[in-house]
Protein chains: 2
Amino acid sequence: MKANSYYRLPGIIGGLGPMASVYFYEMITEHTLAKCDQDHIDLLLTSRATTPDRTAYILGQSDENPLPVMISEARRLISAGADVIVIPCNTAHYFYDGLCEAISVPVINIMVETVKYCVGKGMKKVGILATEGTVRSRTYERVCNEYGVEAAYPCDASQKLINEIIYGDIKQGRPADMEKFGRVAYELREQSCDTLILGCTELSLVKRNGHLGRFYTDSLEVLADVTIRSCGKTSIGFDL
Amino acid sequence: MKANSYYRLPGIIGGLGPMASVYFYEMITEHTLAKCDQDHIDLLLTSRATTPDRTAYILGQSDENPLPVMISEARRLISAGADVIVIPCNTAHYFYDGLCEAISVPVINIMVETVKYCVGKGMKKVGILATEGTVRSRTYERVCNEYGVEAAYPCDASQKLINEIIYGDIKQGRPADMEKFGRVAYELREQSCDTLILGCTELSLVKRNGHLGRFYTDSLEVLADVTIRSCGKTSIGFDL
């Protein structure tokens with residue numbers, strides 16, 4: 001954040017996926033201290049649902065690179081007045097450095113903010129629940145290492161269950177299979193994690209709809225909280 | 001809609017109020033037939049919460065005209081690529097003609113679409129539940145007259161209750177007082193209305209949260225349905 005000043009107009013690269021972006025916009029609205037419309041933050045959002053699939057590209061299953069689309073959407077938002085970029089999608093942060101190099105305004109990093117939040121709570125070891133793209137590319141792990149936090153992952157069979165929840169359930173508008181989710185979460189808890197990071201914004205919907213408790217750290221909540229405060233508003237009601 | 005073609009990128013003037021815009025974005029996402037992210041429509045949204053209050057200006061309680069802000073937001077969206085404007089706020093449609101004159105792309109009219117929907121269902125008389133700005137300016141009534149439909153309004157005391165629900169409850173993040181709502185709805189039903197139009201998008205949240213039945217015509221649902229289909233997608237699951 002800029003010292004002693006606030007961002008004026010956040011530009012959100014949304015649609016990655018669409019329902020997570022809806023939830024992010026809802027969170028920002030619900031958790032801003034406001035007595036009337038005009039107390040809320042102004043924001044710009046591009047919901048670019050047709051952005052090529054991030055995980056498919058990271059895993060080499062597709063040649064369609066989402067980075068040029070992300071850069072073009074960021075520039076669209078900046079041209080329209082955005083002075084900071086926010087991306088409510090963890091997997092897309094694989095492309096964070098490439099995006100930052102191509103544009104002229106800062107990008108709030110969901111992974112850095114989430115790990116910093118965990119460090120602030122004195123956590124030493126975190127479990128990562130995320131897409132296979134995020135897990136295999138070790139993007140969360142690199143941030144964890146930077147902040148002296150140990151990262152744990154599900155085994156391959158469990159990661160497959162998480163993939164099914166993200167792609168087979170949530171991205172198709174269905175509720176998450178909580179039996180599958182529970183099995184993976186139990187396995188990670190057994191590894192003595194201090195928290196399980198919901199490191200895919202589709203999994204944030206699992207927290208909302210499946211009523212997961214405070215053992216989970218929702219990266220989307222952390223990002224919404226940081227965004228509200230970065231715009232000079234007071235955030236309320238977060239479980240953080 | 002353009003003959004034999006579809007809009008490519010709707011630009012949504014949101015934030016009037018913010019939670020209704022969240023709900024509109026959610027509706028579009030939830031009701032588009034989609035098996036993956038990329039099946040959803042792309043869209044641009046400016047959530048301009050700080051737009052001056054529409055009703056206060058229409059009623060002469062404020063000199064702050066929201067129209068210049070709406071024009072500037074529409075132009076922002078058009079410069080960024082939008083080829084049609086959508087405004088999930090009925091009260092703002094008081095400024096519809098002024099907006100259309102100032103910009104170069106069509107604006108889907110929530111009131112026209114809602115009344116056309118009622119006509120299509122063979123309805124002859126509709127009750128209008130809306131802000132005092134919409135009611136006093138008779139914007140819905142003009143559209144109803146054009147389509148040969150009779151419009152009924154709550155009495156002044158009942159309109160006061162609706163104002164309280166919109167401004168005192170929903171815009172402050174609180175649930176609607178359903179006792180007040182029920183009293184007004186009962187009064188309008190007694191006037192032999194074929195439907196009650198939820199002609200304020202804040203009242204759409206009452207339908208969702210208060211589980212209102214099919215007697216109500218939700219202008220926001222009509223607008224979301226038209227927007228999805230105008231972009232060449234198939235809408236699913238609407239109660240329309």
# chains A, B, ... in the order shown; residues from 1 in each chain; ligands from 1
call {"tool": "residues_around", "arguments": {"residues": "region 99-105 of chain B", "least_positions_apart": "2", "cutoff": "6 Å", "atoms": "only C-alpha atoms", "output": "number ranges by chain"}}
result
B: 71, 83-84, 96-97
call {"tool": "write_last_selection", "arguments": {"atoms": "N, CA, C and O atoms", "output": "PDB file, in the first residue's frame"}}
result
ATOM      1  N   ILE B  71     -23.498   9.218 -16.962  1.00  0.00           N
ATOM      2  CA  ILE B  71     -22.958   9.395 -18.320  1.00  0.00           C
ATOM      3  C   ILE B  71     -21.460   9.106 -18.330  1.00  0.00           C
ATOM      4  O   ILE B  71     -20.946   8.385 -19.189  1.00  0.00           O
ATOM      5  N   ASP B  83     -20.412  -2.750 -25.534  1.00  0.00           N
ATOM      6  CA  ASP B  83     -21.247  -2.401 -26.691  1.00  0.00           C
ATOM      7  C   ASP B  83     -22.734  -2.338 -26.337  1.00  0.00           C
ATOM      8  O   ASP B  83     -23.583  -2.169 -27.225  1.00  0.00           O
ATOM      9  N   VAL B  84     -23.050  -2.453 -25.064  1.00  0.00           N
ATOM     10  CA  VAL B  84     -24.421  -2.253 -24.586  1.00  0.00           C
ATOM     11  C   VAL B  84     -24.313  -1.914 -23.091  1.00  0.00           C
ATOM     12  O   VAL B  84     -23.425  -2.407 -22.407  1.00  0.00           O
ATOM     13  N   TYR B  96     -33.018   7.734 -17.982  1.00  0.00           N
ATOM     14  CA  TYR B  96     -32.761   6.901 -19.167  1.00  0.00           C
ATOM     15  C   TYR B  96     -32.601   7.703 -20.461  1.00  0.00           C
ATOM     16  O   TYR B  96     -31.613   7.540 -21.182  1.00  0.00           O
ATOM     17  N   ASP B  97     -33.559   8.582 -20.739  1.00  0.00           N
ATOM     18  CA  ASP B  97     -33.503   9.333 -21.998  1.00  0.00           C
ATOM     19  C   ASP B  97     -32.257  10.224 -22.042  1.00  0.00           C
ATOM     20  O   ASP B  97     -31.562  10.289 -23.062  1.00  0.00           O
TER      21      ASP B  97
END
call {"tool": "closest_atom_pairs", "arguments": {"of": "chain B", "to": "chain A", "cutoff": "7 Å", "atoms": "only C-alpha atoms", "output": "tab-separated table"}}
result
residue	atom	partner	partner_atom	distance
B:Gly17	CA	A:Asp37	CA	5.5
B:Pro18	CA	A:Thr29	CA	6.6
B:Met19	CA	A:Thr29	CA	6.5
B:Val22	CA	A:Glu26	CA	5.7
B:Tyr25	CA	A:Val22	CA	6.3
B:Glu26	CA	A:Val22	CA	5.7
B:Thr29	CA	A:Met19	CA	6.5
B:Ala34	CA	A:Gln172	CA	6.6
B:Lys35	CA	A:Gln172	CA	4.9
B:Cys36	CA	A:Lys171	CA	5.6
B:Asp37	CA	A:Ala49	CA	5.5
B:Gln38	CA	A:Thr50	CA	4.2
B:His40	CA	A:Ala49	CA	5.7
B:Ile41	CA	A:Ala49	CA	6.4
B:Asp42	CA	A:Arg48	CA	4.8
B:Leu43	CA	A:Ser47	CA	5.1
B:Leu44	CA	A:Thr46	CA	4.5
B:Leu45	CA	A:Leu45	CA	5.0
B:Thr46	CA	A:Leu44	CA	4.5
B:Ser47	CA	A:Leu43	CA	5.1
B:Arg48	CA	A:Asp42	CA	4.8
B:Ala49	CA	A:Gln38	CA	5.1
B:Thr50	CA	A:Gln38	CA	4.2
B:Thr51	CA	A:Gln38	CA	6.8
B:Arg76	CA	A:Ala80	CA	5.8
B:Ala80	CA	A:Arg76	CA	5.8
B:Lys171	CA	A:Cys36	CA	5.6
B:Gln172	CA	A:Lys35	CA	4.9
call {"tool": "residues_around", "arguments": {"residues": "Cys118 (chain B)", "least_positions_apart": "6", "cutoff": "9 Å", "atoms": "only C-alpha atoms", "output": "list in words"}}
result
Lys124, Val126, Val149, Asp194, Thr195 and Thr217 of chain B
call {"tool": "select_by_dssp", "arguments": {"residues": "region 69-143 of chain B", "states": "helix (DSSP H, G or I)", "output": "MDAnalysis selection string"}}
result
chainID B and resid 69:79 91:102 110:120 132:137 139:143
call {"tool": "write_last_selection", "arguments": {"atoms": "N, CA and C atoms", "output": "short mmCIF file (atom, residue, chain, number, x, y, z; two decimals), in the first residue's frame"}}
result
data_model
loop_
_atom_site.label_atom_id
_atom_site.label_comp_id
_atom_site.auth_asym_id
_atom_site.auth_seq_id
_atom_site.Cartn_x
_atom_site.Cartn_y
_atom_site.Cartn_z
N VAL B 69 -22.78 11.69 -13.57
CA VAL B 69 -21.95 10.55 -13.13
C VAL B 69 -22.30 9.31 -13.94
N MET B 70 -23.59 9.08 -14.17
CA MET B 70 -24.01 7.92 -14.96
C MET B 70 -23.46 8.01 -16.39
N ILE B 71 -23.50 9.22 -16.96
CA ILE B 71 -22.96 9.40 -18.32
C ILE B 71 -21.46 9.11 -18.33
N SER B 72 -20.77 9.64 -17.33
CA SER B 72 -19.32 9.44 -17.29
C SER B 72 -18.97 7.96 -17.07
N GLU B 73 -19.77 7.26 -16.26
CA GLU B 73 -19.52 5.82 -16.06
C GLU B 73 -19.83 5.03 -17.32
N ALA B 74 -20.91 5.41 -18.02
CA ALA B 74 -21.25 4.73 -19.28
C ALA B 74 -20.12 4.91 -20.29
N ARG B 75 -19.60 6.14 -20.36
CA ARG B 75 -18.51 6.40 -21.31
C ARG B 75 -17.25 5.63 -20.92
N ARG B 76 -17.01 5.51 -19.63
CA ARG B 76 -15.86 4.72 -19.14
C ARG B 76 -15.99 3.28 -19.64
N LEU B 77 -17.20 2.73 -19.53
CA LEU B 77 -17.44 1.35 -19.95
C LEU B 77 -17.33 1.20 -21.47
N ILE B 78 -17.86 2.18 -22.18
CA ILE B 78 -17.83 2.12 -23.66
C ILE B 78 -16.38 2.24 -24.16
N SER B 79 -15.62 3.17 -23.56
CA SER B 79 -14.20 3.30 -23.94
C SER B 79 -13.46 2.00 -23.69
N THR B 91 -34.70 3.03 -10.26
CA THR B 91 -34.81 4.48 -10.01
C THR B 91 -33.96 5.26 -11.00
N ALA B 92 -32.76 4.71 -11.32
CA ALA B 92 -31.85 5.39 -12.24
C ALA B 92 -32.45 5.52 -13.63
N HIS B 93 -33.49 4.73 -13.94
CA HIS B 93 -34.10 4.82 -15.27
C HIS B 93 -34.94 6.08 -15.46
N TYR B 94 -35.10 6.85 -14.41
CA TYR B 94 -35.65 8.21 -14.53
C TYR B 94 -34.77 9.01 -15.50
N PHE B 95 -33.47 8.69 -15.51
CA PHE B 95 -32.49 9.43 -16.31
C PHE B 95 -32.20 8.73 -17.64
N TYR B 96 -33.02 7.73 -17.98
CA TYR B 96 -32.76 6.90 -19.17
C TYR B 96 -32.60 7.70 -20.46
N ASP B 97 -33.56 8.58 -20.74
CA ASP B 97 -33.50 9.33 -22.00
C ASP B 97 -32.26 10.22 -22.04
N GLY B 98 -31.98 10.88 -20.94
CA GLY B 98 -30.80 11.76 -20.87
C GLY B 98 -29.52 10.97 -21.10
N LEU B 99 -29.47 9.76 -20.57
CA LEU B 99 -28.27 8.93 -20.75
C LEU B 99 -28.14 8.50 -22.20
N CYS B 100 -29.25 8.03 -22.77
CA CYS B 100 -29.21 7.54 -24.17
C CYS B 100 -28.78 8.63 -25.14
N GLU B 101 -29.24 9.86 -24.88
CA GLU B 101 -28.87 10.98 -25.76
C GLU B 101 -27.37 11.24 -25.73
N ALA B 102 -26.73 10.93 -24.59
CA ALA B 102 -25.32 11.30 -24.40
C ALA B 102 -24.34 10.23 -24.86
N ILE B 110 -34.69 -1.62 -18.07
CA ILE B 110 -35.25 -2.60 -17.12
C ILE B 110 -36.77 -2.48 -17.02
N MET B 111 -37.28 -1.26 -17.11
CA MET B 111 -38.74 -1.07 -16.98
C MET B 111 -39.48 -1.59 -18.21
N VAL B 112 -38.97 -1.25 -19.39
CA VAL B 112 -39.58 -1.72 -20.63
C VAL B 112 -39.58 -3.24 -20.67
N GLU B 113 -38.46 -3.85 -20.32
CA GLU B 113 -38.35 -5.32 -20.37
C GLU B 113 -39.31 -5.96 -19.36
N THR B 114 -39.43 -5.34 -18.20
CA THR B 114 -40.30 -5.91 -17.15
C THR B 114 -41.77 -5.81 -17.56
N VAL B 115 -42.16 -4.64 -18.09
CA VAL B 115 -43.56 -4.47 -18.50
C VAL B 115 -43.87 -5.37 -19.71
N LYS B 116 -42.93 -5.48 -20.65
CA LYS B 116 -43.12 -6.38 -21.80
C LYS B 116 -43.31 -7.82 -21.32
N TYR B 117 -42.55 -8.20 -20.30
CA TYR B 117 -42.69 -9.54 -19.73
C TYR B 117 -44.11 -9.75 -19.19
N CYS B 118 -44.61 -8.73 -18.47
CA CYS B 118 -45.97 -8.82 -17.89
C CYS B 118 -47.03 -8.91 -19.00
N VAL B 119 -46.84 -8.12 -20.03
CA VAL B 119 -47.78 -8.15 -21.16
C VAL B 119 -47.78 -9.54 -21.78
N GLY B 120 -46.60 -10.10 -21.93
CA GLY B 120 -46.47 -11.44 -22.51
C GLY B 120 -47.19 -12.51 -21.69
N GLU B 132 -39.55 5.93 -3.68
CA GLU B 132 -40.42 7.08 -3.82
C GLU B 132 -40.05 7.90 -5.07
N GLY B 133 -38.77 7.87 -5.43
CA GLY B 133 -38.32 8.56 -6.64
C GLY B 133 -39.00 7.98 -7.88
N THR B 134 -39.02 6.65 -7.97
CA THR B 134 -39.66 5.99 -9.11
C THR B 134 -41.16 6.22 -9.11
N VAL B 135 -41.77 6.12 -7.93
CA VAL B 135 -43.23 6.26 -7.82
C VAL B 135 -43.67 7.67 -8.16
N ARG B 136 -43.06 8.66 -7.52
CA ARG B 136 -43.48 10.05 -7.72
C ARG B 136 -43.22 10.53 -9.14
N SER B 137 -42.12 10.06 -9.72
CA SER B 137 -41.81 10.52 -11.09
C SER B 137 -42.63 9.75 -12.13
N THR B 139 -42.26 7.01 -13.61
CA THR B 139 -41.52 6.45 -14.75
C THR B 139 -42.07 5.08 -15.15
N TYR B 140 -42.43 4.24 -14.18
CA TYR B 140 -43.01 2.94 -14.53
C TYR B 140 -44.37 3.12 -15.20
N GLU B 141 -45.13 4.08 -14.69
CA GLU B 141 -46.47 4.29 -15.20
C GLU B 141 -46.46 4.66 -16.68
N ARG B 142 -45.49 5.49 -17.06
CA ARG B 142 -45.39 5.89 -18.48
C ARG B 142 -45.16 4.67 -19.36
N VAL B 143 -44.29 3.77 -18.91
CA VAL B 143 -44.03 2.55 -19.69
C VAL B 143 -45.29 1.68 -19.72
#
call {"tool": "closest_residue", "arguments": {"among": "B:Tyr7, B:Thr131, B:Lys125, B:Ala185", "to": "Arg54 (chain B)", "atoms": "only C-alpha atoms"}}
result
B:Thr131
